[in-house]
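File shown here: input.txt, holding compact mmCIF, C-alpha atoms.
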```txt
# COMPACT_ATOMS: atom_id res chain seq x y z
CA MET A 170 -21.26 28.07 -73.97
CA THR A 171 -19.51 31.14 -75.37
CA ALA A 172 -18.73 33.83 -72.82
CA PRO A 173 -20.49 37.16 -73.59
CA LEU A 174 -17.24 39.06 -74.19
CA ALA A 175 -15.08 36.23 -75.54
CA HIS A 176 -14.55 38.19 -78.77
CA LEU A 177 -12.90 41.14 -76.99
CA LYS A 178 -9.12 41.40 -76.58
CA ILE A 179 -7.89 44.19 -74.33
CA LEU A 180 -4.50 45.68 -73.50
CA ASP A 181 -4.63 46.95 -69.93
CA PHE A 182 -2.07 49.58 -68.86
CA SER A 183 -3.97 50.54 -65.68
CA THR A 184 -2.83 50.22 -62.08
CA LEU A 185 -4.08 50.21 -58.50
CA LEU A 186 -7.88 49.95 -58.16
CA PRO A 187 -10.08 51.76 -60.76
CA GLY A 188 -8.77 50.39 -64.06
CA PRO A 189 -7.97 46.88 -62.81
CA TYR A 190 -11.42 46.57 -61.22
CA ALA A 191 -13.04 47.51 -64.53
CA THR A 192 -10.98 45.05 -66.55
CA MET A 193 -11.59 42.37 -63.89
CA LEU A 194 -15.32 42.71 -64.58
CA LEU A 195 -14.64 42.39 -68.31
CA ALA A 196 -12.41 39.35 -67.76
CA ASP A 197 -15.16 37.71 -65.69
CA LEU A 198 -17.40 38.09 -68.74
CA GLY A 199 -14.84 36.37 -70.95
CA ALA A 200 -12.67 39.17 -72.37
CA GLU A 201 -9.05 38.21 -73.09
CA ILE A 202 -6.86 40.68 -71.23
CA ILE A 203 -3.12 41.30 -71.22
CA ARG A 204 -2.00 43.51 -68.38
CA VAL A 205 1.12 45.49 -69.27
CA GLU A 206 3.36 46.03 -66.25
CA ALA A 207 6.56 48.03 -65.92
CA PRO A 208 9.45 45.80 -64.77
CA GLY A 209 10.92 46.71 -61.40
CA GLN A 210 8.03 49.02 -60.46
CA PRO A 211 5.61 46.95 -58.36
CA GLU A 212 2.39 48.79 -57.69
CA LEU A 213 0.90 49.31 -54.25
CA THR A 214 -1.71 46.54 -54.47
CA ARG A 215 1.07 43.96 -54.83
CA LEU A 216 2.58 45.11 -51.54
CA MET A 217 -0.54 45.21 -49.39
CA PRO A 218 -1.38 42.39 -46.94
CA PRO A 219 -2.93 39.92 -46.51
CA PHE A 220 -0.87 37.55 -48.64
CA GLY A 221 -2.12 34.22 -49.98
CA ALA A 222 -0.51 30.80 -49.93
CA ASP A 223 1.43 31.76 -53.08
CA GLY A 224 2.90 34.85 -51.42
CA GLN A 225 0.87 37.23 -53.58
CA SER A 226 -1.27 40.03 -52.18
CA ALA A 227 -4.94 39.08 -51.94
CA TYR A 228 -5.84 42.54 -53.26
CA HIS A 229 -3.79 42.08 -56.41
CA ALA A 230 -4.94 38.47 -56.74
CA VAL A 231 -8.60 39.41 -57.05
CA LEU A 232 -8.27 42.65 -59.05
CA ASN A 233 -6.15 40.96 -61.71
CA ARG A 234 -7.59 37.47 -61.89
CA SER A 235 -7.75 35.83 -65.32
CA LYS A 236 -5.44 38.47 -66.85
CA ARG A 237 -2.11 37.57 -68.38
CA SER A 238 0.87 39.73 -67.36
CA LEU A 239 3.37 41.19 -69.83
CA GLY A 240 6.45 42.77 -68.26
CA LEU A 241 7.27 45.62 -70.65
CA ASN A 242 9.49 48.68 -70.23
CA LEU A 243 7.70 51.23 -72.39
CA LYS A 244 10.75 53.53 -72.28
CA ALA A 245 13.00 50.92 -73.93
CA ALA A 246 13.62 50.70 -77.68
CA GLY A 247 11.47 47.97 -79.16
CA ALA A 248 8.67 48.20 -76.60
CA VAL A 249 6.43 50.31 -78.84
CA GLU A 250 6.76 47.74 -81.62
CA ILE A 251 5.50 45.02 -79.29
CA VAL A 252 2.45 47.08 -78.37
CA GLN A 253 1.79 47.93 -82.01
CA LYS A 254 1.96 44.27 -83.02
CA LEU A 255 -0.46 43.29 -80.25
CA VAL A 256 -2.91 45.98 -81.37
CA ALA A 257 -2.60 45.61 -85.14
CA GLU A 258 -1.75 41.92 -85.60
CA GLN A 259 -3.07 40.05 -82.56
CA GLY A 260 -6.46 41.72 -82.26
CA TYR A 261 -5.89 43.56 -78.97
CA ASN A 262 -7.75 46.51 -80.43
CA ILE A 263 -9.08 47.85 -77.14
CA VAL A 264 -6.69 49.75 -74.87
CA VAL A 265 -7.33 50.76 -71.26
CA GLU A 266 -4.88 53.19 -69.66
CA GLN A 267 -4.79 55.16 -66.44
CA PHE A 268 -1.85 57.56 -66.79
CA ARG A 269 -2.17 61.33 -66.58
CA PRO A 270 -3.08 63.01 -69.89
CA GLY A 271 -0.23 63.00 -72.40
CA VAL A 272 1.93 60.31 -70.78
CA MET A 273 0.98 57.51 -73.17
CA ALA A 274 1.50 59.80 -76.17
CA ARG A 275 4.99 60.69 -74.96
CA LEU A 276 5.77 56.98 -74.69
CA GLY A 277 4.68 56.46 -78.30
CA VAL A 278 1.54 54.46 -77.50
CA GLY A 279 -1.07 57.21 -77.33
CA TYR A 280 -4.40 57.15 -79.14
CA ALA A 281 -3.19 58.86 -82.33
CA ALA A 282 -0.13 56.62 -82.73
CA LEU A 283 -1.99 53.36 -82.20
CA LYS A 284 -5.00 54.45 -84.26
CA ALA A 285 -2.64 54.92 -87.20
CA ARG A 286 -1.89 51.19 -86.99
CA CYS A 287 -5.45 50.15 -86.14
CA PRO A 288 -8.16 52.55 -87.42
CA HIS A 289 -10.96 50.78 -85.51
CA LEU A 290 -9.08 51.03 -82.20
CA ILE A 291 -11.06 51.74 -79.04
CA TYR A 292 -8.86 53.64 -76.60
CA CYS A 293 -10.13 54.16 -73.05
CA SER A 294 -8.44 56.68 -70.76
CA LEU A 295 -9.38 56.70 -67.08
CA THR A 296 -8.10 59.70 -65.11
CA GLY A 297 -9.05 61.79 -62.12
CA TYR A 298 -10.23 64.85 -64.02
CA GLY A 299 -10.34 63.88 -67.67
CA GLN A 300 -8.40 64.93 -70.76
CA THR A 301 -9.58 68.56 -70.65
CA GLY A 302 -10.17 71.32 -68.11
CA PRO A 303 -7.93 73.19 -65.66
CA TYR A 304 -7.51 70.11 -63.42
CA ARG A 305 -6.51 67.70 -66.20
CA ASP A 306 -2.93 67.39 -64.88
CA ARG A 307 -3.78 67.54 -61.18
CA ALA A 308 -3.12 64.57 -58.91
CA GLY A 309 -5.97 63.10 -56.91
CA HIS A 310 -7.42 60.13 -55.09
CA ASP A 311 -10.91 58.87 -54.36
CA LEU A 312 -11.38 61.20 -51.39
CA ASN A 313 -10.43 64.24 -53.49
CA TYR A 314 -12.89 63.46 -56.28
CA LEU A 315 -15.69 62.94 -53.76
CA ALA A 316 -14.76 66.21 -52.05
CA LEU A 317 -14.95 68.20 -55.29
CA SER A 318 -18.19 66.49 -56.35
CA GLY A 319 -20.09 67.89 -53.37
CA LEU A 320 -21.00 64.44 -52.07
CA LEU A 321 -18.88 64.66 -48.92
CA SER A 322 -20.50 67.95 -47.93
CA TYR A 323 -23.66 66.18 -46.79
CA TYR A 324 -22.18 62.91 -45.57
CA GLY A 325 -22.01 62.27 -41.80
CA ARG A 326 -23.79 63.68 -38.76
CA ASP A 327 -24.58 67.34 -38.23
CA TYR A 328 -24.05 67.18 -34.47
CA ALA A 329 -22.06 65.15 -31.95
CA GLU A 330 -23.75 62.61 -29.71
CA ASP A 331 -23.65 65.13 -26.85
CA GLY A 332 -24.96 67.90 -29.08
CA ALA A 333 -21.81 69.98 -28.64
CA ASP A 334 -19.66 69.97 -31.75
CA VAL A 335 -20.00 69.18 -35.42
CA VAL A 336 -18.73 65.68 -36.15
CA THR A 337 -16.03 65.27 -38.80
CA PRO A 338 -16.96 62.10 -40.68
CA PRO A 339 -14.32 59.53 -41.66
CA PRO A 340 -13.62 58.57 -45.28
CA LEU A 341 -16.14 56.14 -46.74
CA PRO A 342 -15.27 52.45 -46.26
CA MET A 343 -14.97 51.80 -49.98
CA GLN A 344 -13.73 53.82 -52.93
CA VAL A 345 -16.95 55.23 -54.36
CA ALA A 346 -15.27 57.52 -56.93
CA ASP A 347 -12.66 54.95 -57.97
CA VAL A 348 -14.97 51.98 -58.41
CA GLY A 349 -18.45 53.44 -58.82
CA ALA A 350 -17.71 56.64 -60.69
CA GLY A 351 -14.56 55.37 -62.40
CA SER A 352 -14.55 51.62 -63.01
CA LEU A 353 -18.24 51.20 -63.79
CA HIS A 354 -18.41 54.19 -66.11
CA LEU A 355 -15.31 52.91 -67.88
CA VAL A 356 -16.99 49.55 -68.50
CA ILE A 357 -20.13 51.29 -69.77
CA GLY A 358 -18.16 53.62 -72.04
CA LEU A 359 -15.98 50.82 -73.37
CA LEU A 360 -18.93 48.56 -74.17
CA ALA A 361 -20.86 51.46 -75.74
CA ALA A 362 -17.88 52.04 -78.03
CA VAL A 363 -17.76 48.32 -78.86
CA ILE A 364 -21.45 48.32 -79.79
CA ARG A 365 -20.98 51.38 -82.02
CA ARG A 366 -17.97 49.75 -83.69
CA SER A 367 -19.94 46.58 -84.35
CA VAL A 368 -22.50 48.66 -86.25
CA THR A 369 -20.36 51.29 -87.98
CA GLY A 370 -16.81 49.90 -87.86
CA GLU A 371 -15.76 53.12 -86.15
CA GLY A 372 -13.43 53.05 -83.16
CA GLY A 373 -12.86 56.01 -80.87
CA MET A 374 -11.54 57.38 -77.64
CA VAL A 375 -13.40 56.97 -74.35
CA ASP A 376 -12.53 59.71 -71.85
CA ILE A 377 -13.61 58.80 -68.30
CA ALA A 378 -12.93 61.14 -65.37
CA MET A 379 -13.59 59.95 -61.83
CA HIS A 380 -14.55 63.49 -60.84
CA ASP A 381 -17.15 63.59 -63.64
CA GLY A 382 -18.57 60.30 -62.43
CA ALA A 383 -18.71 61.37 -58.79
CA LEU A 384 -20.50 64.58 -59.78
CA ALA A 385 -22.95 62.56 -61.88
CA TRP A 386 -23.61 60.29 -58.90
CA ASN A 387 -24.51 63.45 -56.97
CA ASN A 388 -27.41 64.08 -59.32
CA LEU A 389 -30.10 64.20 -56.59
CA GLY A 390 -28.06 66.64 -54.52
CA ALA A 391 -27.38 68.65 -57.67
CA ALA A 392 -31.11 68.82 -58.40
CA THR A 393 -31.64 70.26 -54.93
CA ALA A 394 -29.00 72.91 -55.59
CA LEU A 395 -29.79 73.66 -59.25
CA VAL A 396 -33.58 73.77 -58.94
CA GLY A 397 -34.20 74.29 -55.24
CA GLY A 398 -31.35 76.75 -54.73
CA VAL A 399 -30.08 74.99 -51.60
CA SER A 400 -27.13 72.63 -51.18
CA PRO A 401 -27.91 69.59 -49.01
CA THR A 402 -26.15 69.29 -45.65
CA PRO A 403 -25.58 66.34 -43.30
CA GLU A 404 -28.81 64.79 -42.04
CA SER A 405 -30.93 67.17 -44.11
CA THR A 406 -32.43 64.83 -46.71
CA LEU A 407 -34.67 61.82 -46.67
CA LEU A 408 -31.81 59.40 -47.31
CA ASN A 409 -28.80 60.83 -45.47
CA GLY A 410 -30.10 60.76 -41.90
CA GLY A 411 -32.65 63.55 -42.14
CA SER A 412 -35.44 61.05 -41.55
CA PHE A 413 -35.93 57.81 -39.60
CA TYR A 414 -34.20 56.04 -42.53
CA ASP A 415 -31.04 55.42 -40.54
CA LEU A 416 -28.87 53.09 -38.46
CA TYR A 417 -29.72 52.28 -34.85
CA THR A 418 -27.62 50.78 -32.05
CA THR A 419 -28.82 47.59 -30.39
CA LYS A 420 -28.41 46.43 -26.79
CA ASP A 421 -25.20 44.57 -27.68
CA ASP A 422 -23.74 47.57 -29.57
CA ARG A 423 -24.45 46.22 -33.03
CA LEU A 424 -26.32 48.18 -35.70
CA LEU A 425 -29.71 47.73 -37.32
CA ALA A 426 -30.47 49.35 -40.69
CA VAL A 427 -34.02 50.71 -40.91
CA GLY A 428 -35.13 51.53 -44.45
CA SER A 429 -38.91 51.39 -43.95
CA LEU A 430 -39.67 54.47 -46.06
CA GLU A 431 -42.94 53.60 -47.82
CA PRO A 432 -46.08 53.96 -45.67
CA HIS A 433 -46.90 50.24 -45.62
CA PHE A 434 -43.32 49.36 -44.66
CA TRP A 435 -43.33 52.06 -41.97
CA GLN A 436 -46.59 50.79 -40.51
CA GLY A 437 -45.21 47.25 -40.45
CA PHE A 438 -42.02 48.45 -38.76
CA CYS A 439 -43.93 50.28 -36.03
CA GLN A 440 -46.04 47.21 -35.41
CA ALA A 441 -42.95 44.98 -35.23
CA ILE A 442 -41.32 47.16 -32.56
CA GLY A 443 -44.59 47.50 -30.62
CA ARG A 444 -44.99 51.24 -31.27
CA ALA A 445 -48.01 51.62 -33.54
CA ASP A 446 -48.43 55.09 -31.99
CA LEU A 447 -45.42 56.29 -34.00
CA VAL A 448 -47.05 55.68 -37.40
CA PRO A 449 -48.40 59.26 -37.87
CA GLN A 450 -45.00 60.80 -36.99
CA GLY A 451 -43.22 58.78 -39.66
CA LEU A 452 -45.39 60.28 -42.37
CA THR A 453 -44.13 63.84 -41.71
CA PHE A 454 -40.67 64.86 -42.82
CA GLY A 455 -39.77 68.01 -40.94
CA LEU A 456 -36.24 67.73 -39.54
CA SER A 457 -37.23 68.63 -35.97
CA GLN A 458 -40.07 66.09 -35.94
CA GLN A 459 -37.84 63.42 -37.42
CA ARG A 460 -35.18 63.97 -34.74
CA VAL A 461 -37.73 63.46 -32.00
CA LEU A 462 -39.00 60.35 -33.79
CA LYS A 463 -35.50 58.93 -34.14
CA GLU A 464 -34.87 59.34 -30.41
CA GLU A 465 -38.00 57.26 -29.79
CA ILE A 466 -36.80 54.58 -32.20
CA ARG A 467 -33.28 54.60 -30.71
CA ALA A 468 -34.65 53.91 -27.26
CA VAL A 469 -36.72 50.98 -28.52
CA ILE A 470 -33.94 49.40 -30.59
CA ARG A 471 -31.50 49.80 -27.68
CA ALA A 472 -33.65 47.49 -25.59
CA LYS A 473 -32.91 44.30 -27.56
CA THR A 474 -29.85 42.59 -29.04
CA LEU A 475 -29.17 42.33 -32.75
CA GLU A 476 -30.01 38.64 -32.65
CA GLU A 477 -33.35 39.37 -31.04
CA TRP A 478 -34.20 42.07 -33.57
CA SER A 479 -33.05 39.89 -36.46
CA ALA A 480 -35.45 37.16 -35.33
CA ILE A 481 -38.30 39.66 -35.13
CA PHE A 482 -37.68 41.22 -38.53
CA ALA A 483 -37.20 37.86 -40.19
CA GLU A 484 -41.00 37.64 -39.81
CA HIS A 485 -41.67 41.18 -41.06
CA ASP A 486 -40.72 42.16 -44.64
CA VAL A 487 -40.33 45.88 -43.93
CA CYS A 488 -36.82 46.75 -45.20
CA VAL A 489 -34.96 46.25 -41.93
CA GLU A 490 -31.70 44.29 -41.83
CA PRO A 491 -28.75 43.78 -39.49
CA VAL A 492 -25.48 45.55 -40.28
CA LEU A 493 -23.17 42.60 -40.89
CA THR A 494 -19.43 42.40 -40.59
CA THR A 495 -17.64 41.54 -43.82
CA ALA A 496 -17.08 37.97 -42.60
CA GLU A 497 -20.79 37.63 -41.79
CA ALA A 498 -21.75 39.11 -45.16
CA LEU A 499 -19.58 36.57 -47.01
CA ASP A 500 -21.21 33.72 -45.08
CA HIS A 501 -24.78 34.97 -45.53
CA PRO A 502 -27.20 32.53 -47.21
CA GLN A 503 -28.04 35.07 -49.92
CA THR A 504 -24.35 35.51 -50.73
CA GLN A 505 -23.87 31.76 -50.94
CA ALA A 506 -27.00 31.19 -53.03
CA ARG A 507 -25.83 33.76 -55.58
CA HIS A 508 -22.36 32.15 -55.86
CA MET A 509 -20.72 35.36 -54.77
CA VAL A 510 -17.81 33.59 -53.06
CA VAL A 511 -15.80 31.46 -55.47
CA ASP A 512 -12.58 29.46 -55.49
CA VAL A 513 -10.04 30.76 -58.02
CA PRO A 514 -7.04 28.59 -59.03
CA LEU A 515 -3.58 29.60 -57.89
CA ALA A 516 -0.75 29.25 -60.40
CA ALA A 517 1.21 27.10 -57.94
CA GLY A 518 -1.75 24.82 -57.26
CA GLY A 519 -4.67 25.02 -54.89
CA VAL A 520 -7.32 27.73 -54.82
CA GLN A 521 -7.99 31.07 -53.21
CA PRO A 522 -11.49 32.22 -52.17
CA GLN A 523 -12.56 35.52 -53.74
CA VAL A 524 -15.71 37.54 -54.27
CA GLY A 525 -17.21 36.40 -57.57
CA ALA A 526 -18.68 38.18 -60.57
CA PRO A 527 -21.78 40.29 -59.78
CA ILE A 528 -23.13 40.21 -63.36
CA LYS A 529 -25.37 37.22 -64.05
CA ILE A 530 -26.18 36.36 -67.69
CA SER A 531 -28.11 33.35 -68.89
CA ASN A 532 -26.07 30.56 -70.48
CA HIS A 533 -22.87 31.95 -68.98
CA THR A 534 -20.96 30.71 -65.96
CA PRO A 535 -17.91 32.87 -65.19
CA HIS A 536 -14.64 31.01 -65.67
CA TYR A 537 -12.00 32.22 -63.27
CA ARG A 538 -8.76 31.13 -64.93
CA PHE A 539 -6.26 32.06 -62.22
CA THR A 540 -5.57 34.64 -59.53
CA GLY A 541 -3.57 37.75 -60.39
CA PRO A 542 -0.19 36.47 -61.65
CA THR A 543 3.34 37.51 -60.78
CA PRO A 544 4.76 40.44 -62.81
CA GLY A 545 5.56 39.39 -66.38
CA ALA A 546 4.45 35.80 -65.79
CA HIS A 547 3.26 35.48 -69.41
CA THR A 548 5.89 37.60 -71.16
CA HIS A 549 7.63 34.76 -73.02
CA GLU A 550 4.31 33.20 -73.99
CA ILE A 551 2.97 36.47 -75.41
CA LEU A 552 6.14 37.25 -77.36
CA THR A 553 6.05 33.77 -78.87
CA GLU A 554 2.46 34.36 -79.98
CA LEU A 555 3.66 37.57 -81.67
CA GLY A 556 6.03 35.51 -83.80
CA TYR A 557 9.33 36.44 -82.20
CA ASN A 558 11.88 33.62 -82.28
CA ALA A 559 13.99 32.48 -79.34
CA SER A 560 16.97 34.68 -80.17
CA ALA A 561 14.81 37.80 -80.55
CA ILE A 562 13.09 37.08 -77.24
CA ASP A 563 16.45 36.57 -75.52
CA ALA A 564 17.60 39.91 -76.90
CA PHE A 565 14.52 41.65 -75.51
CA TYR A 566 15.30 40.26 -72.06
CA GLN A 567 18.99 41.16 -72.27
CA ASP A 568 18.22 44.71 -73.42
CA GLY A 569 15.71 45.24 -70.59
CA VAL A 570 12.77 45.67 -72.95
CA VAL A 571 10.82 42.90 -71.26
CA ALA A 572 10.98 40.99 -68.00
CA SER A 573 9.36 38.10 -66.19
```

Mind turning this structure into structure tokens?
Amino acid sequence: MTAPLAHLKILDFSTLLPGPYATMLLADLGAEIIRVEAPGQPELTRLMPPFGADGQSAYHAVLNRSKRSLGLNLKAAGAVEIVQKLVAEQGYNIVVEQFRPGVMARLGVGYAALKARCPHLIYCSLTGYGQTGPYRDRAGHDLNYLALSGLLSYYGRDYAEDGADVVTPPPLPMQVADVGAGSLHLVIGLLAAVIRRSVTGEGGMVDIAMHDGALAWNNLGAATALVGGVSPTPESTLLNGGSFYDLYTTKDDRLLAVGSLEPHFWQGFCQAIGRADLVPQGLTFGLSQQRVLKEEIRAVIRAKTLEEWSAIFAEHDVCVEPVLTTAEALDHPQTQARHMVVDVPLAAGGVQPQVGAPIKISNHTPHYRFTGPTPGAHTHEILTELGYNASAIDAFYQDGVVAS
């Protein structure tokens, strides 16, 4: 069976989470990816515990699985030629980069320079704020993009448990702007450009900004502001705690997620908890009424353990589930049935468990070649494929152009 993206060859200059996550998804679908890494400048994900049996960070191992590593000093003479040969002669005609605007151009491997060697080049730039606008050169992280998108303004609770002070919510437990607004939009943009090229032969530049993506993910809140004239606030909407759609604490201090929004689910939920009298209240959505209703639900849920409630709702299909720990989620029967935990080969032998590919396509089983390799692990191999002889390769190493 041919992998869906086996015909794509990608040069990946990205670092940390957003770009590597995107190219990991593409590698899982069969794309051939060379990750270009600067010698002597290990990125943060390589330094973060936990570390696997091979001594490599588990974060790096999963984000960069199946990608070959080329240790290349882009500031050294001869480095640009290597990139050009990969793009123009070896078919790596898709580039993914994550530097601030203008950096790649200054290094001689920007869109214009590489397009001159490969007219059908697809060049994907992933940045915080895009290639244009007053913030184009501004530094940022996931939390900043979410802050400027408006999303954080209505995340969290609007009052403390004792009713005294406004609660300051913590950062979200995963990087919504990096992965959701950045990585996924990069994959979509890249594949859209590939489809266009397959029809017209035309390449192009894909400009993805994580702030753009976060703002786009705030489209329901934006509709409230643009059309309704009001910005949403914490616990003011149907889905952010302004209704009974919420989390509730059990007797053993675990959490139960109640998503029984539709009338038939709500009726089933009320019946399951023995409070059919609450059904009419759940069909009104005034904030004051919903707060009273939630206090009633809290009292009921507090009376039983998570295990007891899980047993009850296993018999009622009403959109209620336990809030699992990550370890519990990985061991869940649904996770196992979907092959979402897989064993990926380590270069030194053995395997490492990782979360598997979420995209399922008929006649395709993801092939996880190896965990994220050591820096420059494939440098010699790649240079040989480019046609450099042993003496030329030795010279590159001696001059600090490349490294393993």

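One distance worth recording is that between atom CA of A:Val511 and atom CA of A:Ala426, which is 27.5 Å.
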
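Restricting the calculation to all atoms listed in the file, the smallest distance between A:Val278 and any of A:Val399, A:Leu180, A:Met217, A:Ala227 is found for A:Leu180.
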
Q.
Ranking A:Ser457, A:Thr534, A:Asn387, A:Thr402 by minimum distance to A:Leu317 and counting all atoms listed in the file, which one comes first?
A.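 Closest to A:Leu317 of all the choices is A:Asn387.
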
Q. What is the atom CA of A:Tyr298-atom CA of A:Asp376 distance in Å, reported with one decimal?
A.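 Separation of atom CA of A:Tyr298 and atom CA of A:Asp376: 9.6 Å.
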
Q. Of the residues A:Val336, A:Ile251, A:Met193, A:Ile202, which is the one nearest to A:Gly556, using all atoms listed in the file?
A.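 Distance minimum relative to A:Gly556 lands on A:Ile251.
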
**Q.** Selected residue of minimal separation from A:Pro270 among A:Ala378, A:Ser318, A:Leu283, A:Thr184, counting only C-alpha atoms
**A.**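 The answer is A:Ala378, which sits nearest to A:Pro270.
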
Q) If you count only C-alpha atoms, which residues fall within 12 Å of A:Tyr280, apart from same-chain ones fewer than 5 positions away, as an MDAnalysis selection string? A) chainID A and resid 253 256 262:266 270:275 285:294 372:376

Q | All residues 7 Å or closer to A:Glu201, all atoms listed in the file, same chain fewer than 6 positions away omitted, as a list in words | A |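 These residues fall inside the cut-off: Ala175, Leu177, Lys178 and Ile179 of chain A.
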
(Q) Can you pull out the residues contacting A:Glu206? Cut-off 12 Å, using all atoms listed in the file, and skip same-chain residues under 4 positions away; I want them as a PyMOL selection string. (A) chain A and resi 180-185+189+210-212+215+233+236-243+248+266+542-548+570-573

Q: Check the smallest atom-to-atom distance from each of A:Asp223, A:Ala559, A:Ile466, A:Val368 to A:Ala445 using all atoms listed in the file, then report the winner.
A: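 Among the listed residues, A:Ile466 lies closest to A:Ala445.
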
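Taking atom CA of A:Val252 and atom CA of A:Gly279 as endpoints, the distance between them is 10.8 Å.
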
(Q) So, with only C-alpha atoms as the atoms that count, which of A:Gly541, A:Pro208, A:Gly351, A:Pro535 lies closest to A:Tyr566? (A)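 Closest to A:Tyr566 of all the choices is A:Pro208.
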
Q: Please provide the set of residues having any atom within 12 Å of A:Pro219, restricted to only C-alpha atoms, with same-chain residues fewer than 5 positions apart removed, written as a ChimeraX atom specification.
A: /A:214,224-231
